[in-house]
$ cat coords-v3.cif   # mmCIF, C-alpha atoms
data_structure
loop_
_atom_site.label_atom_id
_atom_site.label_comp_id
_atom_site.auth_asym_id
_atom_site.auth_seq_id
_atom_site.Cartn_x
_atom_site.Cartn_y
_atom_site.Cartn_z
CA MET A 1 60.21 80.32 16.59
CA ASP A 2 57.22 82.37 15.58
CA GLY A 3 55.58 85.21 17.49
CA ASP A 4 56.46 86.76 20.86
CA LYS A 5 60.00 85.59 21.71
CA GLY A 6 59.73 86.93 25.27
CA GLN A 7 56.66 84.80 26.02
CA ALA A 8 58.25 81.76 24.41
CA LYS A 9 61.45 82.15 26.43
CA LEU A 10 59.57 82.62 29.75
CA VAL A 11 57.48 79.51 29.19
CA ARG A 12 60.46 77.44 28.04
CA ARG A 13 62.36 78.50 31.16
CA ASN A 14 59.37 77.47 33.34
CA VAL A 15 59.20 74.02 31.76
CA GLY A 16 62.92 73.57 32.16
CA ASP A 17 64.95 74.88 29.23
CA LYS A 18 68.23 76.28 30.64
CA GLY A 19 69.50 77.58 27.29
CA SER A 20 70.37 81.26 26.97
CA THR A 21 68.57 81.47 23.64
CA ILE A 22 65.63 79.56 22.21
CA SER A 23 67.84 78.01 19.51
CA ASP A 24 70.33 76.47 21.99
CA VAL A 25 70.59 72.67 22.06
CA GLU A 26 69.08 71.33 25.25
CA THR A 27 70.28 68.03 26.71
CA PHE A 28 68.45 66.37 29.60
CA GLN A 29 67.66 63.00 31.13
CA THR A 30 64.21 61.47 30.93
CA ARG A 31 62.64 58.19 31.90
CA PHE A 32 59.41 56.34 31.50
CA VAL A 33 57.77 54.20 34.20
CA LEU A 34 55.17 51.44 34.13
CA PRO A 35 51.93 52.51 35.78
CA PRO A 36 51.15 50.49 38.93
CA SER A 37 48.73 47.62 38.26
CA GLU A 38 46.29 48.93 40.90
CA PHE A 39 45.61 51.95 38.65
CA ASN A 40 43.92 49.60 36.13
CA ILE A 41 45.26 51.61 33.18
CA GLN A 42 44.66 49.91 29.85
CA ASN A 43 48.16 50.27 28.43
CA GLN A 44 48.65 47.15 26.29
CA TYR A 45 49.47 47.72 22.64
CA GLU A 46 50.82 45.79 19.68
CA PHE A 47 54.01 46.74 17.81
CA GLN A 48 55.39 44.69 14.92
CA GLY A 49 53.32 41.67 16.01
CA ASP A 50 54.41 41.70 19.68
CA MET A 51 52.43 42.92 22.72
CA TYR A 52 53.95 45.59 24.96
CA SER A 53 52.94 47.56 28.05
CA GLY A 54 52.72 51.32 27.64
CA VAL A 55 54.59 53.58 30.04
CA ILE A 56 54.17 57.03 31.60
CA LEU A 57 56.67 59.87 31.31
CA ASP A 58 58.23 60.54 34.74
CA ARG A 59 57.65 64.29 34.61
CA GLY A 60 59.34 65.02 37.94
CA TYR A 61 62.54 63.27 36.89
CA GLU A 62 62.60 65.05 33.53
CA LEU A 63 61.85 68.50 34.99
CA THR A 64 64.54 68.03 37.67
CA SER A 65 67.03 67.17 34.92
CA ARG A 66 65.95 70.11 32.76
CA THR A 67 65.90 72.77 35.51
CA GLY A 68 68.51 71.60 38.00
CA TYR A 69 65.88 72.09 40.76
CA GLU A 70 64.14 69.25 42.60
CA ALA A 71 60.65 68.82 41.09
CA THR A 72 57.73 67.24 42.93
CA TRP A 73 55.56 64.88 40.89
CA ASN A 74 53.54 61.81 41.83
CA ILE A 75 52.34 59.11 39.44
CA ALA A 76 49.09 58.91 41.45
CA ASN A 77 48.41 62.61 40.66
CA PRO A 78 50.15 63.03 37.28
CA ASP A 79 48.60 66.39 36.39
CA LYS A 80 50.55 68.46 38.96
CA ILE A 81 54.25 69.33 39.02
CA ASN A 82 55.97 71.81 41.34
CA TYR A 83 59.51 73.04 41.86
CA ASN A 84 61.26 75.99 43.52
CA ASN A 85 63.71 77.96 41.44
CA ARG A 86 66.12 80.71 42.48
CA GLY A 87 65.58 80.05 46.18
CA ASP A 88 61.96 80.44 47.24
CA SER A 89 60.26 81.21 43.93
CA SER A 90 57.72 78.43 43.25
CA VAL A 91 56.66 77.20 39.82
CA ASP A 92 53.42 75.19 39.61
CA ILE A 93 52.51 73.36 36.42
CA VAL A 94 49.03 71.84 36.11
CA VAL A 95 47.87 69.82 33.10
CA VAL A 96 44.34 71.08 32.44
CA GLN A 97 43.77 69.13 29.22
CA ARG A 98 45.43 65.98 27.87
CA GLN A 99 45.11 63.83 24.77
CA ILE A 100 47.29 60.75 24.37
CA GLU A 101 48.19 58.92 21.17
CA LEU A 102 48.81 55.33 22.16
CA PRO A 103 51.87 53.63 20.64
CA SER A 104 51.43 52.09 17.22
CA GLU A 105 53.44 51.44 14.08
CA ARG A 106 53.12 55.18 13.31
CA GLY A 107 54.53 56.34 16.68
CA PHE A 108 53.07 57.79 19.87
CA GLY A 109 52.71 61.11 21.64
CA PHE A 110 50.64 63.53 23.65
CA ASN A 111 48.97 66.93 23.41
CA GLU A 112 48.64 68.79 26.72
CA LEU A 113 47.51 72.23 27.83
CA TYR A 114 49.39 73.52 30.91
CA ARG A 115 48.56 76.26 33.37
CA ILE A 116 51.88 77.56 34.72
CA THR A 117 51.88 79.74 37.81
CA SER A 118 55.15 81.43 38.73
CA SER A 119 56.42 84.73 40.08
CA ALA A 120 56.29 87.72 37.78
CA GLY A 121 59.84 88.74 38.63
CA GLY A 122 61.44 92.10 37.97
CA ILE A 123 59.65 95.09 39.49
CA PHE A 124 56.59 92.91 40.13
CA GLY A 125 58.56 90.65 42.47
CA ALA A 126 56.91 87.50 43.76
CA ASN A 127 53.40 88.35 42.53
CA PRO A 128 52.04 85.22 40.82
CA VAL A 129 51.42 85.21 37.09
CA GLU A 130 49.53 82.55 35.16
CA ARG A 131 50.64 81.45 31.74
CA ALA A 132 49.11 78.94 29.35
CA VAL A 133 51.09 76.69 27.04
CA ARG A 134 50.15 73.78 24.82
CA VAL A 135 52.89 71.16 24.62
CA GLN A 136 52.65 68.60 21.85
CA ARG A 137 55.17 65.77 21.61
CA ARG A 138 55.22 63.11 18.92
CA TYR A 139 57.70 60.24 18.91
CA ILE A 140 58.56 57.63 16.30
CA ARG A 141 60.90 54.67 16.52
CA ALA A 142 63.86 54.84 14.15
CA ILE A 143 67.33 53.49 13.43
CA ASP A 144 70.33 55.87 13.64
CA GLU A 145 73.28 56.05 11.23
CA SER A 146 75.08 53.26 13.16
CA GLY A 147 72.11 50.89 13.12
CA ASN A 148 71.10 51.52 16.76
CA ARG A 149 67.43 51.72 17.76
CA ILE A 150 66.45 55.23 18.78
CA VAL A 151 63.31 57.28 19.26
CA ASP A 152 63.06 60.55 17.36
CA GLY A 153 60.50 63.17 18.19
CA LEU A 154 59.15 66.64 17.72
CA GLU A 155 58.01 69.00 20.48
CA ILE A 156 55.84 72.01 19.72
CA GLN A 157 55.12 74.60 22.42
CA LYS A 158 52.45 77.24 21.86
CA THR A 159 51.94 80.04 24.37
CA TYR A 160 48.63 81.85 24.89
CA ARG A 161 47.53 85.08 26.53
CA VAL A 162 45.83 84.73 29.92
CA LEU A 163 43.47 87.53 30.95
CA ASP A 164 41.58 87.37 34.27
CA GLY A 165 42.52 83.70 34.62
CA ILE A 166 41.10 82.72 31.23
CA ALA A 167 43.43 81.55 28.44
CA GLY A 168 42.58 82.51 24.89
CA VAL A 169 43.67 79.26 23.23
CA GLU A 170 42.38 80.12 19.77
CA ILE A 171 45.42 82.13 18.67
CA PRO A 172 48.90 81.45 20.09
CA THR A 173 51.21 84.33 21.01
CA SER A 174 54.28 82.23 20.15
CA THR A 175 55.19 78.84 18.72
CA THR A 176 58.48 76.98 19.11
CA LYS A 177 59.48 73.66 17.57
CA SER A 178 62.22 71.38 18.88
CA SER A 179 63.64 68.09 17.65
CA ILE A 180 63.96 65.33 20.24
CA ARG A 181 66.21 62.28 20.12
CA LEU A 182 66.05 59.60 22.83
CA ARG A 183 69.05 57.29 23.03
#

$ encode --input "coords-v3.cif" --output "structure tokens"
Amino acid sequence: MDGDKGQAKLVRRNVGDKGSTISDVETFQTRFVLPPSEFNIQNQYEFQGDMYSGVILDRGYELTSRTGYEATWNIANPDKINYNNRGDSSVDIVVVQRQIELPSERGFGFNELYRITSSAGGIFGANPVERAVRVQRRYIRAIDESGNRIVDGLEIQKTYRVLDGIAGVEIPTSTTKSSIRLR
């Protein structure tokens, strides 16, 4: 973790990390879904000589698992996620920029910039605050110590200052890195 630990912890809590410290191990469920054929998404790719269909991360399922709160997400509108935490406090996550690395022999991943709107909390109560975070995930297929196929990954979260609704994405206020292992 580099930079402002307070900002990093707030953002990690908004995207689902329930750990008491940034260095805690986080365990959660995730799943990937095939996009419906009527979306006409070009998701075919080749891996080790075979053709496969690419999938989409079910963000609602993952966020529900990470937060313990029911998240609302729709594959037809994949850039918006919402959940209520601590009763009536709403958290809205909007993907404002996305780059996708299609699966290949070298792996796959994404690079997304989120606008997170949540309550300020504390003495500021339910007043909404906007935060900006860039989430980068990179996955690679691997074999574990027992010979089982797994997917290893790296997640990098960078937070940015938001002034008057504009995020200064040139210089992050904090950076956290996490290892991911899908089994």

$ resolve_selection --input "coords-v3.cif" --expression "the PyMOL selection byres ((chain A and resi 54-56) around 9)" --output "mmCIF file with C-alpha atoms, in the coordinates of the input"
data_model
loop_
_atom_site.group_PDB
_atom_site.id
_atom_site.type_symbol
_atom_site.label_atom_id
_atom_site.label_comp_id
_atom_site.auth_asym_id
_atom_site.auth_seq_id
_atom_site.Cartn_x
_atom_site.Cartn_y
_atom_site.Cartn_z
ATOM 1 C CA ARG A 31 62.640 58.190 31.900
ATOM 2 C CA PHE A 32 59.410 56.340 31.500
ATOM 3 C CA VAL A 33 57.770 54.200 34.200
ATOM 4 C CA LEU A 34 55.170 51.440 34.130
ATOM 5 C CA PRO A 35 51.930 52.510 35.780
ATOM 6 C CA GLN A 42 44.660 49.910 29.850
ATOM 7 C CA ASN A 43 48.160 50.270 28.430
ATOM 8 C CA GLN A 44 48.650 47.150 26.290
ATOM 9 C CA TYR A 45 49.470 47.720 22.640
ATOM 10 C CA TYR A 52 53.950 45.590 24.960
ATOM 11 C CA SER A 53 52.940 47.560 28.050
ATOM 12 C CA LEU A 57 56.670 59.870 31.310
ATOM 13 C CA ASP A 58 58.230 60.540 34.740
ATOM 14 C CA ARG A 59 57.650 64.290 34.610
ATOM 15 C CA ILE A 75 52.340 59.110 39.440
ATOM 16 C CA LEU A 102 48.810 55.330 22.160
ATOM 17 C CA PRO A 103 51.870 53.630 20.640
#

$ residues_around --input "coords-v3.cif" --residues "A:Val135" --least-positions-apart "5" --cutoff "6 Å" --atoms "only C-alpha atoms" --output "list in words"
Asn111, Glu112, Ile156 and Gln157 of chain A

$ closest_residue --input "coords-v3.cif" --among "A:Arg149, A:Arg115, A:Arg12, A:Lys158" --to "A:Pro172" --atoms "all atoms listed in the file"
A:Lys158

$ closest_residue --input "coords-v3.cif" --among "A:Asn14, A:Thr30, A:Thr159, A:Asn148" --to "A:Glu62" --atoms "only C-alpha atoms"
A:Thr30

$ atom_distance --input "coords-v3.cif" --atom1 "atom CA of A:Gly60" --atom2 "atom CA of A:Gly16"
10.9 Å

$ atom_distance --input "coords-v3.cif" --atom1 "atom CA of A:Val133" --atom2 "atom CA of A:Ile116"
7.8 Å

$ closest_residue --input "coords-v3.cif" --among "A:Leu154, A:Ala132, A:Tyr61, A:Val25" --to "A:Asn74" --atoms "only C-alpha atoms"
A:Tyr61

$ atom_distance --input "coords-v3.cif" --atom1 "atom CA of A:Gln136" --atom2 "atom CA of A:Leu113"
8.7 Å

$ resolve_selection --input "coords-v3.cif" --expression "the PyMOL selection byres ((chain A and resi 67) around 12)" --output "PDB file with C-alpha atoms, in the coordinates of the input"
ATOM      1  CA  ARG A  12      60.460  77.440  28.040  1.00  0.00           C
ATOM      2  CA  ARG A  13      62.360  78.500  31.160  1.00  0.00           C
ATOM      3  CA  ASN A  14      59.370  77.470  33.340  1.00  0.00           C
ATOM      4  CA  VAL A  15      59.200  74.020  31.760  1.00  0.00           C
ATOM      5  CA  GLY A  16      62.920  73.570  32.160  1.00  0.00           C
ATOM      6  CA  ASP A  17      64.950  74.880  29.230  1.00  0.00           C
ATOM      7  CA  LYS A  18      68.230  76.280  30.640  1.00  0.00           C
ATOM      8  CA  GLY A  19      69.500  77.580  27.290  1.00  0.00           C
ATOM      9  CA  GLU A  26      69.080  71.330  25.250  1.00  0.00           C
ATOM     10  CA  THR A  27      70.280  68.030  26.710  1.00  0.00           C
ATOM     11  CA  PHE A  28      68.450  66.370  29.600  1.00  0.00           C
ATOM     12  CA  GLN A  29      67.660  63.000  31.130  1.00  0.00           C
ATOM     13  CA  ARG A  59      57.650  64.290  34.610  1.00  0.00           C
ATOM     14  CA  GLY A  60      59.340  65.020  37.940  1.00  0.00           C
ATOM     15  CA  TYR A  61      62.540  63.270  36.890  1.00  0.00           C
ATOM     16  CA  GLU A  62      62.600  65.050  33.530  1.00  0.00           C
ATOM     17  CA  LEU A  63      61.850  68.500  34.990  1.00  0.00           C
ATOM     18  CA  THR A  64      64.540  68.030  37.670  1.00  0.00           C
ATOM     19  CA  SER A  65      67.030  67.170  34.920  1.00  0.00           C
ATOM     20  CA  ARG A  66      65.950  70.110  32.760  1.00  0.00           C
ATOM     21  CA  GLY A  68      68.510  71.600  38.000  1.00  0.00           C
ATOM     22  CA  TYR A  69      65.880  72.090  40.760  1.00  0.00           C
ATOM     23  CA  GLU A  70      64.140  69.250  42.600  1.00  0.00           C
ATOM     24  CA  ALA A  71      60.650  68.820  41.090  1.00  0.00           C
ATOM     25  CA  ASN A  82      55.970  71.810  41.340  1.00  0.00           C
ATOM     26  CA  TYR A  83      59.510  73.040  41.860  1.00  0.00           C
ATOM     27  CA  ASN A  84      61.260  75.990  43.520  1.00  0.00           C
ATOM     28  CA  ASN A  85      63.710  77.960  41.440  1.00  0.00           C
ATOM     29  CA  ARG A  86      66.120  80.710  42.480  1.00  0.00           C
ATOM     30  CA  VAL A  91      56.660  77.200  39.820  1.00  0.00           C
TER      31      VAL A  91
END

$ resolve_selection --input "coords-v3.cif" --expression "the PyMOL selection byres ((chain A and resi 6) around 12)" --output "JSON, numbers by chain"
{"A": [1, 2, 3, 4, 5, 7, 8, 9, 10, 11, 12, 13, 21, 22, 159, 173, 174, 175, 176]}

$ write_last_selection --input "coords-v3.cif" --atoms "C-alpha atoms" --output "compact mmCIF listing (two decimals), in the coordinates of the input"
# COMPACT_ATOMS: atom_id res chain seq x y z
CA MET A 1 60.21 80.32 16.59
CA ASP A 2 57.22 82.37 15.58
CA GLY A 3 55.58 85.21 17.49
CA ASP A 4 56.46 86.76 20.86
CA LYS A 5 60.00 85.59 21.71
CA GLN A 7 56.66 84.80 26.02
CA ALA A 8 58.25 81.76 24.41
CA LYS A 9 61.45 82.15 26.43
CA LEU A 10 59.57 82.62 29.75
CA VAL A 11 57.48 79.51 29.19
CA ARG A 12 60.46 77.44 28.04
CA ARG A 13 62.36 78.50 31.16
CA THR A 21 68.57 81.47 23.64
CA ILE A 22 65.63 79.56 22.21
CA THR A 159 51.94 80.04 24.37
CA THR A 173 51.21 84.33 21.01
CA SER A 174 54.28 82.23 20.15
CA THR A 175 55.19 78.84 18.72
CA THR A 176 58.48 76.98 19.11

$ residues_near_point --input "coords-v3.cif" --point "(52.4, 59.8, 15.9)" --cutoff "10 Å" --atoms "all atoms listed in the file" --output "VMD selection string"
chain A and resid 100 to 110 137 to 141 153 to 154

$ closest_residue --input "coords-v3.cif" --among "A:Asp92, A:Glu38, A:Asp79, A:Glu46" --to "A:Glu130" --atoms "only C-alpha atoms"
A:Asp92

$ closest_residue --input "coords-v3.cif" --among "A:Val162, A:Ala76, A:Ile171, A:Ser90" --to "A:Ser37" --atoms "all atoms listed in the file"
A:Ala76

$ residues_near_point --input "coords-v3.cif" --point "(65.6, 57.1, 23.3)" --cutoff "6 Å" --atoms "all atoms listed in the file" --output "MDAnalysis selection string"
chainID A and resid 150:151 182:183

$ decode --input "coords-v3.cif" --residues "stretch 85-123 of chain A" --atoms "N, CA and C atoms" --output "compact mmCIF listing (two decimals), in the first residue's frame"
# COMPACT_ATOMS: atom_id res chain seq x y z
N ASN A 85 -25.73 -0.29 2.16
CA ASN A 85 -24.98 -0.83 3.30
C ASN A 85 -25.45 -0.15 4.57
N ARG A 86 -25.25 -0.79 5.69
CA ARG A 86 -25.62 -0.23 6.99
C ARG A 86 -27.02 0.39 6.98
N GLY A 87 -27.99 -0.38 6.48
CA GLY A 87 -29.37 0.11 6.49
C GLY A 87 -29.73 0.83 5.22
N ASP A 88 -29.80 2.16 5.26
CA ASP A 88 -30.29 2.91 4.11
C ASP A 88 -29.21 3.71 3.38
N SER A 89 -27.96 3.46 3.67
CA SER A 89 -26.86 4.17 3.03
C SER A 89 -26.54 3.51 1.69
N SER A 90 -26.75 4.24 0.60
CA SER A 90 -26.58 3.69 -0.75
C SER A 90 -25.16 3.91 -1.27
N VAL A 91 -24.65 2.91 -1.97
CA VAL A 91 -23.36 3.03 -2.65
C VAL A 91 -23.61 2.77 -4.13
N ASP A 92 -23.26 3.75 -4.97
CA ASP A 92 -23.41 3.63 -6.42
C ASP A 92 -22.02 3.60 -7.04
N ILE A 93 -21.80 2.59 -7.87
CA ILE A 93 -20.53 2.46 -8.58
C ILE A 93 -20.84 2.51 -10.07
N VAL A 94 -20.19 3.43 -10.78
CA VAL A 94 -20.39 3.57 -12.22
C VAL A 94 -19.03 3.45 -12.90
N VAL A 95 -18.93 2.57 -13.89
CA VAL A 95 -17.71 2.45 -14.68
C VAL A 95 -17.75 3.55 -15.73
N VAL A 96 -16.81 4.50 -15.64
CA VAL A 96 -16.79 5.62 -16.58
C VAL A 96 -15.78 5.41 -17.71
N GLN A 97 -14.91 4.42 -17.53
CA GLN A 97 -13.91 4.12 -18.57
C GLN A 97 -13.52 2.66 -18.42
N ARG A 98 -13.44 1.94 -19.55
CA ARG A 98 -13.10 0.52 -19.48
C ARG A 98 -12.22 0.13 -20.67
N GLN A 99 -11.17 -0.62 -20.37
CA GLN A 99 -10.36 -1.27 -21.39
C GLN A 99 -10.32 -2.75 -21.02
N ILE A 100 -10.47 -3.61 -22.02
CA ILE A 100 -10.48 -5.05 -21.79
C ILE A 100 -9.35 -5.69 -22.57
N GLU A 101 -8.64 -6.59 -21.91
CA GLU A 101 -7.63 -7.41 -22.58
C GLU A 101 -8.27 -8.78 -22.80
N LEU A 102 -8.55 -9.09 -24.06
CA LEU A 102 -9.18 -10.36 -24.37
C LEU A 102 -8.26 -11.52 -24.02
N PRO A 103 -8.83 -12.67 -23.66
CA PRO A 103 -8.01 -13.83 -23.30
C PRO A 103 -7.06 -14.24 -24.42
N SER A 104 -5.86 -14.63 -24.01
CA SER A 104 -4.86 -15.12 -24.94
C SER A 104 -3.92 -16.05 -24.16
N GLU A 105 -2.89 -16.50 -24.80
CA GLU A 105 -1.90 -17.33 -24.13
C GLU A 105 -1.24 -16.60 -22.96
N ARG A 106 -1.20 -15.26 -23.03
CA ARG A 106 -0.54 -14.44 -22.00
C ARG A 106 -1.48 -14.07 -20.85
N GLY A 107 -2.78 -14.39 -20.96
CA GLY A 107 -3.72 -14.07 -19.88
C GLY A 107 -4.82 -13.16 -20.38
N PHE A 108 -5.51 -12.51 -19.43
CA PHE A 108 -6.61 -11.62 -19.76
C PHE A 108 -6.83 -10.67 -18.59
N GLY A 109 -7.61 -9.62 -18.81
CA GLY A 109 -7.84 -8.69 -17.72
C GLY A 109 -8.64 -7.48 -18.13
N PHE A 110 -8.71 -6.51 -17.23
CA PHE A 110 -9.40 -5.27 -17.52
C PHE A 110 -8.78 -4.12 -16.74
N ASN A 111 -9.08 -2.92 -17.19
CA ASN A 111 -8.61 -1.68 -16.58
C ASN A 111 -9.82 -0.76 -16.60
N GLU A 112 -10.36 -0.45 -15.40
CA GLU A 112 -11.59 0.34 -15.33
C GLU A 112 -11.43 1.51 -14.37
N LEU A 113 -12.07 2.62 -14.72
CA LEU A 113 -12.12 3.79 -13.84
C LEU A 113 -13.55 3.88 -13.31
N TYR A 114 -13.69 3.87 -11.98
CA TYR A 114 -15.00 3.91 -11.32
C TYR A 114 -15.25 5.28 -10.71
N ARG A 115 -16.51 5.69 -10.76
CA ARG A 115 -16.99 6.81 -9.94
C ARG A 115 -17.84 6.17 -8.86
N ILE A 116 -17.46 6.35 -7.61
CA ILE A 116 -18.18 5.77 -6.48
C ILE A 116 -18.84 6.90 -5.71
N THR A 117 -20.15 6.81 -5.56
CA THR A 117 -20.90 7.79 -4.79
C THR A 117 -21.46 7.09 -3.57
N SER A 118 -21.11 7.60 -2.39
CA SER A 118 -21.60 7.02 -1.14
C SER A 118 -21.74 8.14 -0.11
N SER A 119 -22.30 7.80 1.04
CA SER A 119 -22.45 8.82 2.09
C SER A 119 -21.08 9.14 2.69
N ALA A 120 -20.96 10.38 3.14
CA ALA A 120 -19.71 10.82 3.73
C ALA A 120 -19.49 10.17 5.08
N GLY A 121 -20.57 9.95 5.82
CA GLY A 121 -20.45 9.35 7.15
C GLY A 121 -19.95 10.35 8.17
N GLY A 122 -19.80 9.88 9.40
CA GLY A 122 -19.30 10.72 10.49
C GLY A 122 -20.17 11.94 10.70
N ILE A 123 -19.55 13.08 10.96
CA ILE A 123 -20.31 14.31 11.22
C ILE A 123 -21.00 14.84 9.97
